[in-house]
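Q: Take a look at this one; I'll ask things after.
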Amino acid sequence: MISKEEKYKKIYQDNYSKVARLCMGYTGGNETLAKDLAQDTFIKVWQHLDSFRNESGIGTWIFRICVNTCLAEIRKEGKTPKSVQIENVQLADSAPNSVDREAMLHQLYQCINKLTSTNKAIILLELEGLPQMDISEIIGIKHEAIRTRIHRIKTQLTKCANNE
């Protein structure tokens with residue numbers, strides 16, 4: 001039988017980078033705060049691992065903890081996330097024009113930061129590549145509503161990015 005420590009170590013290795021990226025989205029690129037929130041998320045995972053009931057996937061459960069941790073921090077501090085610091089974002093080396101890509105990425109994060117907390121959570125999870133059914137479970141909104149919201153959010157982000 002696998003010990004709690006071994007199980008946790010595997011969960012941490014499999015999910016830390018995804019959780020950290022999600023936290024970066026919530027903190028607007030504040031790497032220090034994002035790492036703190038990711039660590040807080042995994043402390044909660046450790047504390048509640050024995051009570052995980054396998055009603056959803058472990059990744060879905062962890063993302064729900066992460067979203068709630070990030071939202072609680074934002075509410076507690078009365079903060080609105082700042083714009084992302086581009087130097088913290090890895091861009092593909094094959095980008096035709098890195099300066100243009102950086103500017104576009106910066107604009108995208110500024111637009112994401114203007115969204116409501118729920119819509120921000122939805123689009124950050126979508127950008128992370130989570131299936132929409134998992135996003136539905138994490139956010140607690142029906143799948144059909146998630147699909148509609150994602151479409152509307154993308155339209156809103158496109159307009160914002162194009163300064164419309």
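As shown in the structure tokens, the chain order sets the letters A, B, ...; within each chain, residues go from 1, and ligands are also counted from 1 in the order they appear.
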For A:Lys35, please output as a list in words all residues within 10 Å (counting only C-alpha atoms; exclusion window: fewer than 5 positions along the same chain).
A: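 Surrounding residues, per the criterion: Tyr16, Val19, Ala20, Arg21, Cys23, Met24, Thr27, Asn30, Asp40 and Thr41 of chain A.
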Q: Please identify all polymer residues within 10 Å of A:Lys120, counting only C-alpha atoms, omitting same-chain residues fewer than 5 positions from it, and present them as a short mmCIF file (atom, residue, chain, number, x, y, z; two decimals) with all heavy atoms, in the first residue's frame.
A:
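Written file, result.cif:
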```cif
data_model
loop_
_atom_site.label_atom_id
_atom_site.label_comp_id
_atom_site.auth_asym_id
_atom_site.auth_seq_id
_atom_site.Cartn_x
_atom_site.Cartn_y
_atom_site.Cartn_z
N GLY A 25 -1.61 33.66 -12.95
CA GLY A 25 -2.69 34.37 -13.61
C GLY A 25 -3.49 35.21 -12.63
O GLY A 25 -3.88 36.33 -12.93
N TYR A 26 -3.72 34.68 -11.45
CA TYR A 26 -4.48 35.41 -10.43
C TYR A 26 -3.69 36.57 -9.85
O TYR A 26 -4.27 37.56 -9.43
CB TYR A 26 -4.90 34.48 -9.29
CG TYR A 26 -6.23 33.84 -9.54
CD1 TYR A 26 -6.33 32.53 -9.98
CD2 TYR A 26 -7.41 34.55 -9.36
CE1 TYR A 26 -7.55 31.95 -10.22
CE2 TYR A 26 -8.64 33.98 -9.60
CZ TYR A 26 -8.70 32.68 -10.03
OH TYR A 26 -9.92 32.11 -10.27
N VAL A 67 -8.16 27.62 -6.85
CA VAL A 67 -9.02 28.76 -7.19
C VAL A 67 -9.54 29.41 -5.90
O VAL A 67 -9.48 30.63 -5.74
CB VAL A 67 -10.18 28.33 -8.11
CG1 VAL A 67 -11.25 29.41 -8.21
CG2 VAL A 67 -9.66 27.97 -9.50
N CYS A 111 -6.13 42.35 -20.11
CA CYS A 111 -7.54 42.13 -20.38
C CYS A 111 -8.12 41.07 -19.44
O CYS A 111 -9.23 41.23 -18.93
CB CYS A 111 -7.76 41.74 -21.84
SG CYS A 111 -7.38 43.07 -23.01
N ILE A 112 -7.38 40.00 -19.21
CA ILE A 112 -7.84 38.94 -18.29
C ILE A 112 -8.04 39.53 -16.90
O ILE A 112 -9.01 39.20 -16.21
CB ILE A 112 -6.85 37.76 -18.26
CG1 ILE A 112 -6.94 36.97 -19.58
CG2 ILE A 112 -7.12 36.84 -17.08
CD1 ILE A 112 -5.88 35.91 -19.76
N ASN A 113 -7.16 40.42 -16.47
CA ASN A 113 -7.25 41.02 -15.14
C ASN A 113 -8.47 41.91 -14.98
O ASN A 113 -8.85 42.23 -13.86
CB ASN A 113 -5.98 41.78 -14.79
CG ASN A 113 -4.85 40.85 -14.43
OD1 ASN A 113 -5.08 39.76 -13.91
ND2 ASN A 113 -3.63 41.27 -14.71
N LYS A 114 -9.10 42.30 -16.09
CA LYS A 114 -10.32 43.12 -16.02
C LYS A 114 -11.58 42.27 -15.84
O LYS A 114 -12.65 42.81 -15.56
CB LYS A 114 -10.46 43.96 -17.30
CG LYS A 114 -9.38 45.02 -17.44
CD LYS A 114 -9.53 45.76 -18.75
CE LYS A 114 -8.39 46.76 -18.94
NZ LYS A 114 -8.49 47.44 -20.24
N LEU A 115 -11.46 40.95 -16.00
CA LEU A 115 -12.62 40.06 -15.89
C LEU A 115 -13.06 39.91 -14.43
O LEU A 115 -12.28 40.13 -13.51
CB LEU A 115 -12.28 38.67 -16.44
CG LEU A 115 -11.91 38.59 -17.92
CD1 LEU A 115 -11.41 37.18 -18.25
CD2 LEU A 115 -13.11 38.94 -18.79
N LEU A 125 -8.36 28.50 -16.38
CA LEU A 125 -8.43 27.04 -16.43
C LEU A 125 -8.51 26.56 -17.88
O LEU A 125 -7.90 25.56 -18.25
CB LEU A 125 -9.62 26.53 -15.61
CG LEU A 125 -9.49 26.73 -14.09
CD1 LEU A 125 -10.83 26.48 -13.41
CD2 LEU A 125 -8.40 25.85 -13.51
N GLU A 126 -9.25 27.28 -18.71
CA GLU A 126 -9.34 26.95 -20.14
C GLU A 126 -7.97 27.08 -20.79
O GLU A 126 -7.55 26.21 -21.56
CB GLU A 126 -10.35 27.89 -20.82
CG GLU A 126 -10.43 27.77 -22.32
CD GLU A 126 -11.19 26.56 -22.83
OE1 GLU A 126 -11.77 25.81 -22.04
OE2 GLU A 126 -11.18 26.37 -24.07
N ILE A 153 -16.36 35.09 -22.99
CA ILE A 153 -15.10 35.61 -22.46
C ILE A 153 -14.10 35.81 -23.58
O ILE A 153 -13.41 36.84 -23.64
CB ILE A 153 -14.53 34.67 -21.37
CG1 ILE A 153 -15.44 34.66 -20.13
CG2 ILE A 153 -13.11 35.08 -20.98
CD1 ILE A 153 -15.14 33.52 -19.15
#
```
Q: For the atom pair atom CA of A:Met104 and atom CA of A:Ile123, what is the interatomic distance in Å to one decimal place?
A: 16.6 Å
Q: Neighbours of A:Asp50 within 12 Å (only C-alpha atoms; same-chain residues fewer than 5 positions away dropped), as a PyMOL selection string?
A: chain A and resi 3-5+7-8+44-45
